[in-house]
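Reading through the structure tokens given below for one structure.
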Amino acid sequence: MTISKNIYRKHNYQAIIEHYKKSKSQTETGKAFNIHKTHICQILKRHGIKCLRNQSGKNNPHWKGGKIFDGHGRKIIYMPEHPYPSFCKIYVYEYRLIMEKKLGRYLTKDEVVHHIDGDHTNNAIENLQIMSQAEHLKLHGGYFIRDKVNK
Ligand SMILES: [Zn+2]
């Protein structure tokens, strides 16, 4: 992290991040610390936390019963209670949930779901295959397809 000491003095970033993780809302976190929500987003980004705009469900115009999409057209599901969220600590890729439903257990951090036809938007169970990160990398010839969970 490349944050100067001056900036650290200005805000308690750790407290902001913790508050954000609990509230899941930039707007709320901003209110709590008297910081504009766009600045909250910058702080989160700087700390490697992805923030989606207007991500608190009710305020999100793209809110469709909890289903939204990431930048690659992959369906993600708002699941703050999931122990292994895919990103933002609150979203899980739908294909992971489908695989978990089939297996009757949560996927581990080392397990990834491969789309057999190469289409990451095709979440039909027949199109999904579970494998390890290493196997997946090998299969894709080293080309990295991101399907990992937050550590
Ligand atoms: Zn794959």
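The chains in the structure tokens are called A, B, ... from first to last as shown; in each chain the residues are counted from 1, and the ligands are counted from 1 in the order shown.
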
Protein and nucleic residues near ligand 1, 12 Å, only C-alpha atoms and all ligand atoms, as number ranges by chain
A: 95, 111-122, 127-148

Go ahead and write the residues just picked, N, CA and C atoms, as a tab-separated table (two decimals), in the first residue's frame.
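Below is the file out37.tsv, written as the result:
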```tsv
chain	number	residue	atom	x	y	z
A	95	TYR	N	-22.71	-18.93	-10.73
A	95	TYR	CA	-22.29	-20.29	-11.09
A	95	TYR	C	-21.68	-21.03	-9.91
A	111	GLU	N	-11.20	-24.09	-4.93
A	111	GLU	CA	-12.02	-24.70	-5.97
A	111	GLU	C	-12.60	-23.62	-6.87
A	112	VAL	N	-12.46	-23.83	-8.16
A	112	VAL	CA	-13.04	-22.89	-9.10
A	112	VAL	C	-14.05	-23.62	-9.98
A	113	VAL	N	-14.92	-22.85	-10.57
A	113	VAL	CA	-15.92	-23.43	-11.47
A	113	VAL	C	-15.56	-23.02	-12.89
A	114	HIS	N	-15.36	-24.03	-13.73
A	114	HIS	CA	-15.01	-23.81	-15.14
A	114	HIS	C	-16.27	-23.91	-15.99
A	115	HIS	N	-16.36	-23.01	-16.96
A	115	HIS	CA	-17.47	-23.07	-17.92
A	115	HIS	C	-17.00	-23.89	-19.12
A	116	ILE	N	-17.58	-25.06	-19.30
A	116	ILE	CA	-17.10	-26.00	-20.30
A	116	ILE	C	-17.13	-25.41	-21.71
A	117	ASP	N	-18.18	-24.67	-22.04
A	117	ASP	CA	-18.27	-24.10	-23.40
A	117	ASP	C	-17.53	-22.77	-23.53
A	118	GLY	N	-16.88	-22.35	-22.45
A	118	GLY	CA	-16.10	-21.11	-22.51
A	118	GLY	C	-16.94	-19.85	-22.32
A	119	ASP	N	-18.24	-20.02	-22.22
A	119	ASP	CA	-19.13	-18.87	-22.05
A	119	ASP	C	-19.42	-18.67	-20.56
A	120	HIS	N	-18.83	-17.61	-20.01
A	120	HIS	CA	-18.96	-17.38	-18.58
A	120	HIS	C	-20.34	-16.90	-18.16
A	121	THR	N	-21.21	-16.68	-19.15
A	121	THR	CA	-22.57	-16.27	-18.81
A	121	THR	C	-23.53	-17.46	-18.86
A	122	ASN	N	-23.04	-18.60	-19.35
A	122	ASN	CA	-23.88	-19.80	-19.45
A	122	ASN	C	-23.75	-20.61	-18.16
A	127	ASN	N	-22.99	-27.14	-17.93
A	127	ASN	CA	-21.87	-26.38	-18.49
A	127	ASN	C	-20.80	-26.09	-17.44
A	128	LEU	N	-21.10	-26.48	-16.21
A	128	LEU	CA	-20.19	-26.13	-15.12
A	128	LEU	C	-19.38	-27.34	-14.67
A	129	GLN	N	-18.12	-27.07	-14.39
A	129	GLN	CA	-17.23	-28.15	-13.96
A	129	GLN	C	-16.35	-27.61	-12.82
A	130	ILE	N	-16.30	-28.39	-11.76
A	130	ILE	CA	-15.52	-27.95	-10.60
A	130	ILE	C	-14.09	-28.46	-10.73
A	131	MET	N	-13.12	-27.61	-10.40
A	131	MET	CA	-11.73	-28.03	-10.43
A	131	MET	C	-10.89	-27.13	-9.52
A	132	SER	N	-9.65	-27.51	-9.35
A	132	SER	CA	-8.77	-26.69	-8.50
A	132	SER	C	-8.23	-25.53	-9.32
A	133	GLN	N	-7.71	-24.53	-8.62
A	133	GLN	CA	-7.12	-23.37	-9.30
A	133	GLN	C	-6.03	-23.83	-10.27
A	134	ALA	N	-5.21	-24.78	-9.79
A	134	ALA	CA	-4.08	-25.26	-10.60
A	134	ALA	C	-4.58	-25.94	-11.87
A	135	GLU	N	-5.57	-26.82	-11.71
A	135	GLU	CA	-6.14	-27.51	-12.87
A	135	GLU	C	-6.72	-26.52	-13.87
A	136	HIS	N	-7.37	-25.51	-13.30
A	136	HIS	CA	-8.02	-24.52	-14.15
A	136	HIS	C	-7.01	-23.72	-14.97
A	137	LEU	N	-5.94	-23.33	-14.30
A	137	LEU	CA	-4.88	-22.59	-14.99
A	137	LEU	C	-4.28	-23.43	-16.12
A	138	LYS	N	-4.08	-24.70	-15.81
A	138	LYS	CA	-3.50	-25.62	-16.79
A	138	LYS	C	-4.42	-25.75	-18.00
A	139	LEU	N	-5.70	-25.90	-17.69
A	139	LEU	CA	-6.71	-26.07	-18.73
A	139	LEU	C	-6.75	-24.87	-19.68
A	140	HIS	N	-6.57	-23.69	-19.09
A	140	HIS	CA	-6.64	-22.48	-19.90
A	140	HIS	C	-5.26	-22.09	-20.42
A	141	GLY	N	-4.31	-22.98	-20.30
A	141	GLY	CA	-2.98	-22.72	-20.83
A	141	GLY	C	-2.30	-21.54	-20.17
A	142	GLY	N	-2.58	-21.35	-18.88
A	142	GLY	CA	-1.92	-20.28	-18.15
A	142	GLY	C	-2.67	-18.97	-18.20
A	143	TYR	N	-3.66	-18.90	-19.09
A	143	TYR	CA	-4.44	-17.66	-19.15
A	143	TYR	C	-5.35	-17.60	-17.94
A	144	PHE	N	-5.22	-16.56	-17.19
A	144	PHE	CA	-5.90	-16.51	-15.89
A	144	PHE	C	-7.34	-16.05	-16.02
A	145	ILE	N	-8.23	-16.93	-15.64
A	145	ILE	CA	-9.65	-16.58	-15.57
A	145	ILE	C	-9.96	-16.35	-14.10
A	146	ARG	N	-10.40	-15.18	-13.80
A	146	ARG	CA	-10.61	-14.88	-12.40
A	146	ARG	C	-11.88	-15.55	-11.86
A	147	ASP	N	-11.67	-16.47	-10.98
A	147	ASP	CA	-12.79	-17.03	-10.24
A	147	ASP	C	-12.26	-17.42	-8.88
A	148	LYS	N	-12.00	-16.46	-8.08
A	148	LYS	CA	-11.50	-16.77	-6.76
A	148	LYS	C	-12.28	-15.97	-5.73
```

Among the residues of region 17-151 of chain A, find those DSSP assigns to strand (DSSP E or B) from the backbone and print them as JSON, numbers by chain.
{"A": [67, 68, 69, 75, 76, 77, 78, 87, 91, 92, 93, 111, 112, 113, 114, 115, 128, 129, 130, 131, 132]}

Which parts of region 15-118 of chain A does DSSP call helix (DSSP H, G or I) when run on the backbone here, written out as a PyMOL selection string?
chain A and resi 15-23+26-33+37-46+57-59+94-103

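Our summary of the geometry notes that CA of Arg105 (chain A) is positioned 11.6 Å from CA of Tyr84 (chain A).
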
For Gly73 (chain A), the closest of A:Lys45, A:Tyr106, A:Cys88, A:Tyr93 counting only C-alpha atoms is A:Tyr93

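Between Leu107 (chain A) and the candidates A:Ile68, A:Leu44, A:Ile77, A:Val92, the tightest atom-to-atom separation, counting only C-alpha atoms, involves A:Val92.
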
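In this model, the gap between CA of Ile90 (chain A) and CA of Lys24 (chain A) comes to 7.7 Å.
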
When you draw a straight line from CA of Ile49 (chain A) to CA of Met79 (chain A), how long is it in Å?
16.7 Å

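Distances here use only C-alpha atoms; by that measure, the residue among A:Glu126, A:His72, A:Ile16, A:Arg46 closest to Asn34 (chain A) is A:Ile16.
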
Looking at only C-alpha atoms, which of A:Gly71, A:Ala124, A:Thr27, A:Phe87 is the one that sits closest to Lys102 (chain A)?
A:Ala124
